[in-house]
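Novice: Input: one structure, supplied below.
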Amino acid sequence: MAKEVVTTSILMIAAVVAATVAITVMTPAVRDLAHSYTSVSGKLSDKIQTDAEIIFVRTSDSGSGTEIDFWIKNLGKSMNKDLLERGDLFIYSDTYYKHITSFNVSIENGDGDNQWERGETAKISFNVEDTLSGDYTITYVFYNGVKISDVFSR
């Protein structure tokens with residue numbers, strides 16, 4: 001009878017130690033998983049709230065190629081003008097491709113602060129060294145990966 005009590009006690013102690021080790025190992029993993037989910041949902045929320053539309057594109061000849069201006073209307077969340085300046089800009093056609101790395105951003109109908117708020121229009125201006133003719137697509141990619149595009153003719 002004493003052997004059975006000792007054996008049962010040792011098995012109970014081993015089970016408690018094993019359960020404690022399992023909980024100790026799994027708790028940080030569960031916490032990290034919860035943090036990852038929170039981070040992903042925050043990024044997704046940022047993308048969902050970012051919404052804009054290109055409302056007009058104007059081109060003109062300049063001494064060194066073509067000057068392009070386009071206006072985008074904010075239909076989503078407010079963002080700092082600096083975030084607009086951190087976006088990516090592409091212009092392309094069937095036979096032409098250009099990644100624009102230098103462009104100017106101004107908020108045209110804003111309230112004077114540095115925020116591009118819902119309903120406000122931003123003007124983005126840049127030059128390409130080439131003389132353009134034909135149909136082109138202009139694509140603007142926001143800092144968070146949301147992109148908007150429009151087709152224009154020159």
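For the structure tokens, the naming scheme is as follows: chains receive sequential letters (A, B, ...) according to their order of presentation, residues are indexed from 1 within each chain, and ligands are indexed from 1 in presentation order.
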Write out as a list in words the residues lying within 6 Å of segment 106-109 of chain A, counting only C-alpha atoms and excluding same-chain residues fewer than 3 positions away.
Specialist: Glu120, Thr121, Ala122 and Lys123 of chain A
Novice: Considering only C-alpha atoms, return as a list in words whatever protein or nucleic-acid residues lie within 8 Å of Val146 of chain A, sequence-local ones (same chain, fewer than 2 positions apart) excluded.
Specialist: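 My list of contacting residues is Lys47, Thr50, Asp51, Val141, Phe142, Tyr143, Asn144 and Ile148 of chain A.
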Novice: Write out, as a PDB file, in the first residue's frame, the residues just selected, with C-alpha atoms.
Specialist:
```
ATOM      1  CA  LYS A  47      -5.720  50.998 -44.784  1.00  0.00           C
ATOM      2  CA  THR A  50      -7.470  55.723 -46.176  1.00  0.00           C
ATOM      3  CA  ASP A  51      -9.570  56.679 -49.181  1.00  0.00           C
ATOM      4  CA  VAL A 141       0.557  54.859 -53.550  1.00  0.00           C
ATOM      5  CA  PHE A 142       0.009  56.118 -50.008  1.00  0.00           C
ATOM      6  CA  TYR A 143       2.498  55.458 -47.193  1.00  0.00           C
ATOM      7  CA  ASN A 144       0.425  52.450 -46.068  1.00  0.00           C
ATOM      8  CA  ILE A 148      -5.294  55.200 -56.458  1.00  0.00           C
TER       9      ILE A 148
END
```
Novice: Pick out the residues sitting within 8 Å of segment 132-138 of chain A, and hand them over as a list of chain:residue names; count only C-alpha atoms, and ignore anything fewer than 4 positions along from it in its own chain.
Specialist: A:Gly65, A:Thr66, A:Leu89, A:Phe90, A:Ile91, A:Tyr92, A:Ser93, A:Ser149, A:Asp150, A:Val151, A:Phe152, A:Ser153, A:Arg154
Novice: Report as an mmCIF file with C-alpha atoms, in the first residue's frame: the residues of chain A with a DSSP assignment of helix (DSSP H, G or I), based on the backbone of this structure.
Specialist:
```cif
data_model
loop_
_atom_site.group_PDB
_atom_site.id
_atom_site.type_symbol
_atom_site.label_atom_id
_atom_site.label_comp_id
_atom_site.auth_asym_id
_atom_site.auth_seq_id
_atom_site.Cartn_x
_atom_site.Cartn_y
_atom_site.Cartn_z
ATOM 1 C CA ALA A 2 2.856 2.406 0.797
ATOM 2 C CA LYS A 3 4.376 1.772 -2.642
ATOM 3 C CA GLU A 4 1.130 2.765 -4.325
ATOM 4 C CA VAL A 5 0.893 6.015 -2.309
ATOM 5 C CA VAL A 6 4.499 6.930 -3.112
ATOM 6 C CA THR A 7 4.023 6.085 -6.808
ATOM 7 C CA THR A 8 0.795 8.088 -6.977
ATOM 8 C CA SER A 9 2.447 11.031 -5.205
ATOM 9 C CA ILE A 10 5.406 11.002 -7.617
ATOM 10 C CA LEU A 11 3.050 10.872 -10.618
ATOM 11 C CA MET A 12 0.975 13.758 -9.208
ATOM 12 C CA ILE A 13 4.107 15.868 -8.632
ATOM 13 C CA ALA A 14 5.309 15.077 -12.174
ATOM 14 C CA ALA A 15 1.916 16.066 -13.611
ATOM 15 C CA VAL A 16 1.908 19.377 -11.704
ATOM 16 C CA VAL A 17 5.489 20.156 -12.812
ATOM 17 C CA ALA A 18 4.636 19.291 -16.440
ATOM 18 C CA ALA A 19 1.516 21.483 -16.355
ATOM 19 C CA THR A 20 3.496 24.373 -14.838
ATOM 20 C CA VAL A 21 6.205 24.094 -17.494
ATOM 21 C CA ALA A 22 3.589 23.952 -20.272
ATOM 22 C CA ILE A 23 1.815 27.053 -18.964
ATOM 23 C CA THR A 24 5.111 28.903 -18.507
ATOM 24 C CA VAL A 25 6.142 28.149 -22.082
ATOM 25 C CA MET A 26 2.758 28.859 -23.687
ATOM 26 C CA THR A 27 1.864 32.132 -21.910
ATOM 27 C CA PRO A 28 4.451 34.310 -23.752
ATOM 28 C CA ALA A 29 3.510 32.707 -27.065
ATOM 29 C CA VAL A 30 -0.175 33.463 -26.519
ATOM 30 C CA ARG A 31 0.674 37.035 -25.463
ATOM 31 C CA ASP A 32 2.833 37.532 -28.583
ATOM 32 C CA LEU A 33 0.075 36.127 -30.772
ATOM 33 C CA ALA A 34 -2.442 38.537 -29.251
ATOM 34 C CA HIS A 35 -0.012 41.454 -29.821
ATOM 35 C CA SER A 36 0.481 40.390 -33.450
ATOM 36 C CA TYR A 37 -3.270 40.285 -34.007
ATOM 37 C CA THR A 38 -3.648 43.759 -32.508
ATOM 38 C CA SER A 39 -0.855 45.081 -34.724
ATOM 39 C CA VAL A 40 -2.304 43.545 -37.895
ATOM 40 C CA SER A 41 -5.819 44.791 -37.138
ATOM 41 C CA GLY A 42 -4.443 48.301 -36.518
ATOM 42 C CA LYS A 43 -2.670 48.310 -39.888
ATOM 43 C CA LEU A 44 -5.767 46.984 -41.628
ATOM 44 C CA SER A 45 -7.887 49.668 -39.989
ATOM 45 C CA ASP A 46 -5.435 52.325 -41.220
ATOM 46 C CA LYS A 47 -5.720 50.998 -44.784
ATOM 47 C CA ILE A 48 -9.516 50.805 -44.667
ATOM 48 C CA GLN A 49 -9.792 54.392 -43.429
ATOM 49 C CA LYS A 81 0.809 66.500 -45.332
ATOM 50 C CA ASP A 82 4.194 64.870 -44.642
ATOM 51 C CA LEU A 83 2.573 61.449 -45.139
ATOM 52 C CA LEU A 84 1.419 62.534 -48.606
ATOM 53 C CA GLU A 85 4.990 63.516 -49.420
#
```
Novice: Give me, as JSON, numbers by chain, all polymer residues having an atom no more than 8 Å from Ile55 of chain A, counting only C-alpha atoms and skipping those fewer than 4 positions away in the same chain.
Specialist: {"A": [70, 71, 72, 73]}
Novice: Can you tell me how far atom CA of Gln115 of chain A sits from atom CA of Asp88 of chain A, in Å to one decimal?
Specialist: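 Going from atom CA of Gln115 of chain A over to atom CA of Asp88 of chain A covers 18.8 Å.
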Novice: Apply DSSP to the structure's backbone, then extract all residues of chain A labelled strand (DSSP E or B) and return them as a ChimeraX atom specification.
Specialist: /A:52-62,65-74,79-80,88-92,97-100,104-107,115-116,121-128,135-141,147-153
